[in-house]
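Peer 1: Dropping in query09.cif, with mmCIF, C-alpha atoms and all ligand atoms.
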```cif
data_final
#
loop_
_atom_site.group_PDB
_atom_site.id
_atom_site.type_symbol
_atom_site.label_atom_id
_atom_site.label_comp_id
_atom_site.auth_asym_id
_atom_site.auth_seq_id
_atom_site.Cartn_x
_atom_site.Cartn_y
_atom_site.Cartn_z
ATOM 1 C CA MET X 18 82.189 -102.976 51.596
ATOM 2 C CA THR X 19 80.591 -103.988 48.305
ATOM 3 C CA THR X 20 81.535 -107.078 46.364
ATOM 4 C CA ARG X 21 82.656 -106.490 42.820
ATOM 5 C CA PRO X 22 80.180 -107.990 40.374
ATOM 6 C CA GLU X 23 81.658 -110.808 38.349
ATOM 7 C CA PHE X 24 80.097 -113.550 36.235
ATOM 8 C CA PHE X 25 80.979 -117.201 36.744
ATOM 9 C CA PRO X 26 83.072 -118.767 33.940
ATOM 10 C CA GLU X 27 80.009 -120.450 32.399
ATOM 11 C CA GLN X 28 78.202 -117.096 32.372
ATOM 12 C CA LEU X 29 81.197 -115.474 30.696
ATOM 13 C CA ALA X 30 81.029 -118.217 28.065
ATOM 14 C CA GLU X 31 77.357 -117.324 27.551
ATOM 15 C CA VAL X 32 78.330 -113.658 27.157
ATOM 16 C CA ARG X 33 80.833 -114.610 24.457
ATOM 17 C CA ARG X 34 78.256 -116.858 22.767
ATOM 18 C CA LEU X 35 75.697 -114.036 22.714
ATOM 19 C CA GLN X 36 78.243 -111.539 21.412
ATOM 20 C CA ALA X 37 79.156 -113.932 18.579
ATOM 21 C CA LEU X 38 75.512 -113.991 17.418
ATOM 22 C CA TYR X 39 75.688 -110.383 16.214
ATOM 23 C CA PRO X 40 77.715 -108.760 13.421
ATOM 24 C CA ASN X 41 78.604 -106.166 16.062
ATOM 25 C CA PRO X 42 79.063 -107.832 19.487
ATOM 26 C CA ARG X 43 77.437 -104.782 21.079
ATOM 27 C CA GLY X 44 74.123 -106.169 19.792
ATOM 28 C CA ALA X 45 74.250 -108.534 22.763
ATOM 29 C CA LEU X 46 74.244 -105.727 25.320
ATOM 30 C CA LEU X 47 70.559 -106.066 26.284
ATOM 31 C CA PRO X 48 70.575 -109.853 26.860
ATOM 32 C CA VAL X 49 73.820 -109.544 28.827
ATOM 33 C CA LEU X 50 72.298 -106.805 30.980
ATOM 34 C CA HIS X 51 69.338 -109.121 31.633
ATOM 35 C CA LEU X 52 71.802 -111.850 32.627
ATOM 36 C CA ALA X 53 73.534 -109.372 34.933
ATOM 37 C CA GLN X 54 70.241 -108.395 36.548
ATOM 38 C CA GLU X 55 69.266 -112.044 37.061
ATOM 39 C CA THR X 56 72.681 -112.727 38.572
ATOM 40 C CA PHE X 57 73.215 -109.663 40.759
ATOM 41 C CA GLY X 58 69.573 -108.734 41.481
ATOM 42 C CA HIS X 59 69.835 -105.247 40.018
ATOM 43 C CA ILE X 60 72.187 -103.189 37.857
ATOM 44 C CA SER X 61 74.406 -101.106 40.135
ATOM 45 C CA LEU X 62 76.955 -98.607 38.853
ATOM 46 C CA GLU X 63 79.634 -101.229 39.539
ATOM 47 C CA THR X 64 77.728 -103.722 37.389
ATOM 48 C CA GLU X 65 77.422 -101.124 34.624
ATOM 49 C CA GLU X 66 81.202 -100.687 34.710
ATOM 50 C CA TYR X 67 81.743 -104.447 34.657
ATOM 51 C CA VAL X 68 79.413 -104.952 31.679
ATOM 52 C CA ALA X 69 80.976 -101.965 29.903
ATOM 53 C CA ARG X 70 84.380 -103.661 30.165
ATOM 54 C CA LEU X 71 82.958 -106.867 28.676
ATOM 55 C CA PHE X 72 81.830 -104.867 25.634
ATOM 56 C CA ASP X 73 84.687 -102.380 25.460
ATOM 57 C CA LEU X 74 82.138 -99.618 25.942
ATOM 58 C CA SER X 75 82.156 -96.609 28.218
ATOM 59 C CA PRO X 76 80.246 -96.994 31.506
ATOM 60 C CA ALA X 77 78.264 -93.901 30.460
ATOM 61 C CA HIS X 78 76.993 -95.735 27.363
ATOM 62 C CA VAL X 79 75.826 -98.707 29.444
ATOM 63 C CA HIS X 80 74.278 -96.335 31.993
ATOM 64 C CA GLU X 81 72.244 -94.658 29.235
ATOM 65 C CA VAL X 82 70.881 -98.049 28.162
ATOM 66 C CA VAL X 83 70.084 -99.119 31.735
ATOM 67 C CA THR X 84 68.272 -95.883 32.530
ATOM 68 C CA PHE X 85 66.327 -95.920 29.233
ATOM 69 C CA TYR X 86 64.587 -99.257 29.870
ATOM 70 C CA THR X 87 62.209 -99.637 32.811
ATOM 71 C CA LEU X 88 62.923 -103.386 32.863
ATOM 72 C CA PHE X 89 66.316 -102.686 34.424
ATOM 73 C CA PHE X 90 66.462 -101.898 38.119
ATOM 74 C CA GLN X 91 69.251 -99.712 39.457
ATOM 75 C CA ARG X 92 68.382 -100.542 43.049
ATOM 76 C CA PRO X 93 67.175 -103.796 44.608
ATOM 77 C CA LYS X 94 63.549 -104.302 43.604
ATOM 78 C CA GLY X 95 60.685 -105.477 45.758
ATOM 79 C CA ARG X 96 59.266 -108.998 45.779
ATOM 80 C CA HIS X 97 56.507 -107.624 43.544
ATOM 81 C CA VAL X 98 56.752 -105.007 40.819
ATOM 82 C CA ILE X 99 53.702 -102.923 39.960
ATOM 83 C CA ALA X 100 54.115 -101.046 36.687
ATOM 84 C CA VAL X 101 51.350 -98.588 35.835
ATOM 85 C CA CYS X 102 51.072 -97.469 32.222
ATOM 86 C CA HIS X 103 50.987 -93.698 31.940
ATOM 87 C CA ASN X 104 50.902 -93.460 28.169
ATOM 88 C CA LEU X 105 48.159 -91.608 26.280
ATOM 89 C CA SER X 106 45.179 -94.022 26.388
ATOM 90 C CA CYS X 107 45.788 -94.877 30.018
ATOM 91 C CA HIS X 108 46.443 -91.240 30.895
ATOM 92 C CA LEU X 109 43.075 -90.268 29.409
ATOM 93 C CA ALA X 110 41.404 -93.170 31.237
ATOM 94 C CA GLY X 111 42.696 -92.140 34.675
ATOM 95 C CA ALA X 112 46.221 -93.510 35.060
ATOM 96 C CA GLN X 113 47.230 -90.544 37.232
ATOM 97 C CA GLU X 114 44.409 -91.321 39.662
ATOM 98 C CA ILE X 115 45.550 -94.952 39.791
ATOM 99 C CA LEU X 116 49.161 -93.920 40.365
ATOM 100 C CA GLY X 117 48.120 -91.467 43.061
ATOM 101 C CA HIS X 118 46.062 -94.159 44.761
ATOM 102 C CA LEU X 119 48.974 -96.585 44.683
ATOM 103 C CA ARG X 120 51.366 -93.935 46.040
ATOM 104 C CA ASP X 121 48.974 -93.279 48.911
ATOM 105 C CA ARG X 122 48.336 -96.944 49.658
ATOM 106 C CA LEU X 123 51.983 -97.979 49.466
ATOM 107 C CA GLY X 124 53.460 -94.814 50.966
ATOM 108 C CA ILE X 125 56.100 -94.570 48.239
ATOM 109 C CA GLU X 126 56.784 -92.580 45.091
ATOM 110 C CA VAL X 127 57.208 -93.972 41.600
ATOM 111 C CA GLY X 128 60.596 -95.676 41.361
ATOM 112 C CA GLU X 129 60.669 -96.559 45.063
ATOM 113 C CA THR X 130 60.214 -99.789 47.001
ATOM 114 C CA THR X 131 58.223 -100.187 50.198
ATOM 115 C CA GLU X 132 60.336 -100.399 53.355
ATOM 116 C CA ASP X 133 59.360 -104.040 53.881
ATOM 117 C CA GLY X 134 60.656 -104.872 50.374
ATOM 118 C CA ARG X 135 57.212 -106.039 49.273
ATOM 119 C CA VAL X 136 56.426 -103.759 46.314
ATOM 120 C CA THR X 137 58.298 -101.602 43.802
ATOM 121 C CA LEU X 138 56.163 -99.026 41.976
ATOM 122 C CA GLN X 139 56.893 -97.972 38.411
ATOM 123 C CA ALA X 140 55.293 -95.798 35.736
ATOM 124 C CA VAL X 141 55.867 -97.285 32.294
ATOM 125 C CA GLU X 142 55.042 -96.685 28.668
ATOM 126 C CA CYS X 143 52.305 -98.462 26.710
ATOM 127 C CA LEU X 144 51.663 -102.059 27.794
ATOM 128 C CA CYS X 145 49.965 -102.790 24.452
ATOM 129 C CA ALA X 146 46.491 -103.354 25.856
ATOM 130 C CA CYS X 147 45.127 -99.829 25.429
ATOM 131 C CA GLU X 148 41.555 -101.122 25.019
ATOM 132 C CA LEU X 149 41.707 -102.097 28.705
ATOM 133 C CA ALA X 150 43.006 -98.704 29.904
ATOM 134 C CA PRO X 151 43.959 -97.862 32.528
ATOM 135 C CA MET X 152 46.380 -100.773 32.641
ATOM 136 C CA MET X 153 49.121 -102.003 34.892
ATOM 137 C CA GLN X 154 51.387 -104.992 35.153
ATOM 138 C CA VAL X 155 51.703 -106.824 38.457
ATOM 139 C CA ASP X 156 54.779 -109.043 38.153
ATOM 140 C CA ASP X 157 53.968 -111.130 35.047
ATOM 141 C CA ARG X 158 50.180 -110.480 35.021
ATOM 142 C CA TYR X 159 48.361 -107.728 33.180
ATOM 143 C CA GLU X 160 45.435 -106.024 34.887
ATOM 144 C CA GLY X 161 43.135 -103.604 33.090
ATOM 145 C CA ASN X 162 40.022 -101.461 33.551
ATOM 146 C CA LEU X 163 41.576 -100.351 36.813
ATOM 147 C CA THR X 164 39.696 -98.512 39.511
ATOM 148 C CA PRO X 165 40.961 -97.650 42.988
ATOM 149 C CA ALA X 166 38.734 -100.456 44.366
ATOM 150 C CA LYS X 167 40.209 -102.983 41.935
ATOM 151 C CA VAL X 168 43.727 -101.818 42.832
ATOM 152 C CA ASP X 169 42.903 -102.382 46.513
ATOM 153 C CA ARG X 170 41.729 -105.924 45.768
ATOM 154 C CA LEU X 171 44.893 -106.653 43.779
ATOM 155 C CA LEU X 172 47.138 -105.245 46.504
ATOM 156 C CA GLY X 173 45.305 -107.279 49.125
ATOM 157 C CA ALA X 174 45.848 -110.466 47.126
ATOM 158 C CA LEU X 175 49.618 -110.031 46.912
ATOM 159 C CA PRO X 176 51.450 -112.464 49.179
HETATM 160 S S1 LIG X 201 48.468 -96.584 26.626
HETATM 161 FE FE1 LIG X 201 48.343 -97.859 28.363
HETATM 162 S S2 LIG X 201 48.280 -99.860 27.581
HETATM 163 FE FE2 LIG X 201 48.529 -98.601 25.833
#
```
Could I get this file's structure written as C-alpha cells?

Peer 2:
Amino acid sequence: MTTRPEFFPEQLAEVRRLQALYPNPRGALLPVLHLAQETFGHISLETEEYVARLFDLSPAHVHEVVTFYTLFFQRPKGRHVIAVCHNLSCHLAGAQEILGHLRDRLGIEVGETTEDGRVTLQAVECLCACELAPMMQVDDRYEGNLTPAKVDRLLGALP
C-alpha cells in the first residue's frame, strides 16, 4: 500500500506564498515540484496528481513538466547521481564512450539506479562547460576532460 503524498501545513503555506509571487500562480510550479521532490524523495504519479490539484492543473500537464526536466526523478534516486552531458561538444569529444564505460562499470542503463542504491546514471543536456568536454556532473561537482580512467578514479572515490 502506498501512502498518499501530502505536504505539512507549513509546506502548504509555502506553496501559497510561492504561488502569490507570480501574476499567474502556475509560475510557481517548478519550485513546488522541487519542494515535492525534497519532501517525498522523488516525483511519483501520485505526487504529480497531488501537485496538479494544488495548481488546478491536469496531472498530464504536471507529468509533461516532470518528464521534461532531468532534475526531477520519477523513481527513487541513488545516493549519488552521475549526469553525463551528451550535447554536441561533449558528443564530439567522446561522451558516448564515457556513457558506455559507465554503463559497463555500473551494470545499468541511463535512467536506472544500481541495485545497491549507490548510483543513478543520467544523460543530460549541456552543462555549460563545453571547453572541458566531455563533461559530467557527480552530485554537485562538475568533472571535465573525462577519460575512462578518470571515470574509474571518480567512481572509486564515491563513498
Ligand atoms: S556540450 Fe557538454 S558541457 Fe556543453

Peer 1: Got a sec to resolve the PyMOL selection byres (((not hetatm)) within 9 of (chain X and resi 201)) on this structure and send the residues as a PyMOL selection string?

Peer 2: chain X and resi 101-110+112+141-153+161

Peer 1: Between X:Leu88, X:Ala77, X:Leu71, X:Ala166, which has the minimum distance to Glu55 (chain X) (counting only C-alpha atoms)?

Peer 2: X:Leu88

Peer 1: Check what the PyMOL selection byres (((chain X and resi 24-31) around 12) and not hetatm) selects in the file above and give those residues as a list in words.

Peer 2: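 Going through the file, the PyMOL selection byres (((chain X and resi 24-31) around 12) and not hetatm) ends up selecting Arg21, Pro22, Glu23, Val32, Arg33, Arg34, Leu35, Gln36, Ala37, Leu38, Ala45, Pro48, Val49, Leu50, His51, Leu52, Ala53, Gln54, Glu55, Thr56, Phe57, Thr64, Tyr67, Val68, Leu71 and Phe72 of chain X.
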
Peer 1: How would you write, as a ChimeraX atom specification, the residues chosen by the PyMOL selection byres (((chain X and resi 87) around 9) and not hetatm) on this structure?

Peer 2: /X:83-86,88-90,139-142

Peer 1: Quick one: pull the distance between CA of Ile60 (chain X) and CA of Asn41 (chain X), Å, one decimal.

Peer 2: 22.9 Å

Peer 1: Work out how far CA of Arg70 (chain X) is from CA of Pro93 (chain X), in Å to one decimal.

Peer 2: 22.5 Å

Peer 1: I'd like the neighbourhood of Leu171 (chain X) as an mmCIF file with C-alpha atoms, in the frame of the given file, where a residue qualifies if any of its atoms comes within 12 Å (using all atoms listed in the file), though same-chain residues fewer than 5 positions away should be ignored.

Peer 2:
```
data_model
loop_
_atom_site.group_PDB
_atom_site.id
_atom_site.type_symbol
_atom_site.label_atom_id
_atom_site.label_comp_id
_atom_site.auth_asym_id
_atom_site.auth_seq_id
_atom_site.Cartn_x
_atom_site.Cartn_y
_atom_site.Cartn_z
ATOM 1 C CA HIS X 97 56.507 -107.624 43.544
ATOM 2 C CA ILE X 99 53.702 -102.923 39.960
ATOM 3 C CA LEU X 119 48.974 -96.585 44.683
ATOM 4 C CA ARG X 122 48.336 -96.944 49.658
ATOM 5 C CA MET X 153 49.121 -102.003 34.892
ATOM 6 C CA GLN X 154 51.387 -104.992 35.153
ATOM 7 C CA VAL X 155 51.703 -106.824 38.457
ATOM 8 C CA ASP X 156 54.779 -109.043 38.153
ATOM 9 C CA ARG X 158 50.180 -110.480 35.021
ATOM 10 C CA TYR X 159 48.361 -107.728 33.180
ATOM 11 C CA GLU X 160 45.435 -106.024 34.887
ATOM 12 C CA GLY X 161 43.135 -103.604 33.090
ATOM 13 C CA LEU X 163 41.576 -100.351 36.813
ATOM 14 C CA THR X 164 39.696 -98.512 39.511
ATOM 15 C CA PRO X 165 40.961 -97.650 42.988
ATOM 16 C CA ALA X 166 38.734 -100.456 44.366
ATOM 17 C CA PRO X 176 51.450 -112.464 49.179
#
```

Peer 1: Calculate how many Å separate CA of Arg96 (chain X) from CA of Glu129 (chain X), rounding to one decimal.

Peer 2: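 Computed distance, CA of Arg96 (chain X) to CA of Glu129 (chain X), equals 12.5 Å.
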
Peer 1: Which is closer to Asp121 (chain X) than all the others in X:Val168, X:Val98, X:Glu81, X:Leu74, using only C-alpha atoms?

Peer 2: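 Using only C-alpha atoms, the shortest distance to Asp121 (chain X) belongs to X:Val168.
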
Peer 1: With distances taken over only C-alpha atoms, which residue among X:Arg92, X:Leu172, X:Val136, X:Tyr39 lies nearest His59 (chain X)?

Peer 2: X:Arg92

Peer 1: Choose the residue, out of X:Gln91, X:Leu46, X:Leu123, X:Leu175, that has the smallest atom-to-atom separation from Leu62 (chain X); count only C-alpha atoms.

Peer 2: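 Checking each of X:Gln91, X:Leu46, X:Leu123, X:Leu175 against Leu62 (chain X), counting only C-alpha atoms, the winner is X:Gln91.
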
Peer 1: From the list X:Thr20, X:Asp169, X:Gly95, X:Gly44, which residue is nearest Thr131 (chain X) when using all atoms listed in the file?

Peer 2: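 Among the listed residues, the smallest separation from Thr131 (chain X) belongs to X:Gly95.
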
Peer 1: Need the axis-aligned box for region 87-103 of chain X with 3 Å each side, so what are the centre and edges in Å to one decimal, as lines of an AutoDock Vina configuration file?

Peer 2:
```
center_x = 60.1
center_y = -101.3
center_z = 38.9
size_x = 24.3
size_y = 21.3
size_z = 19.8
```

Peer 1: For Arg135 (chain X), which of X:Gly111, X:Pro40, X:Pro76, X:Gly173 is the closest residue, counting only C-alpha atoms?

Peer 2: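 Ranked by minimum distance to Arg135 (chain X), first place goes to X:Gly173.
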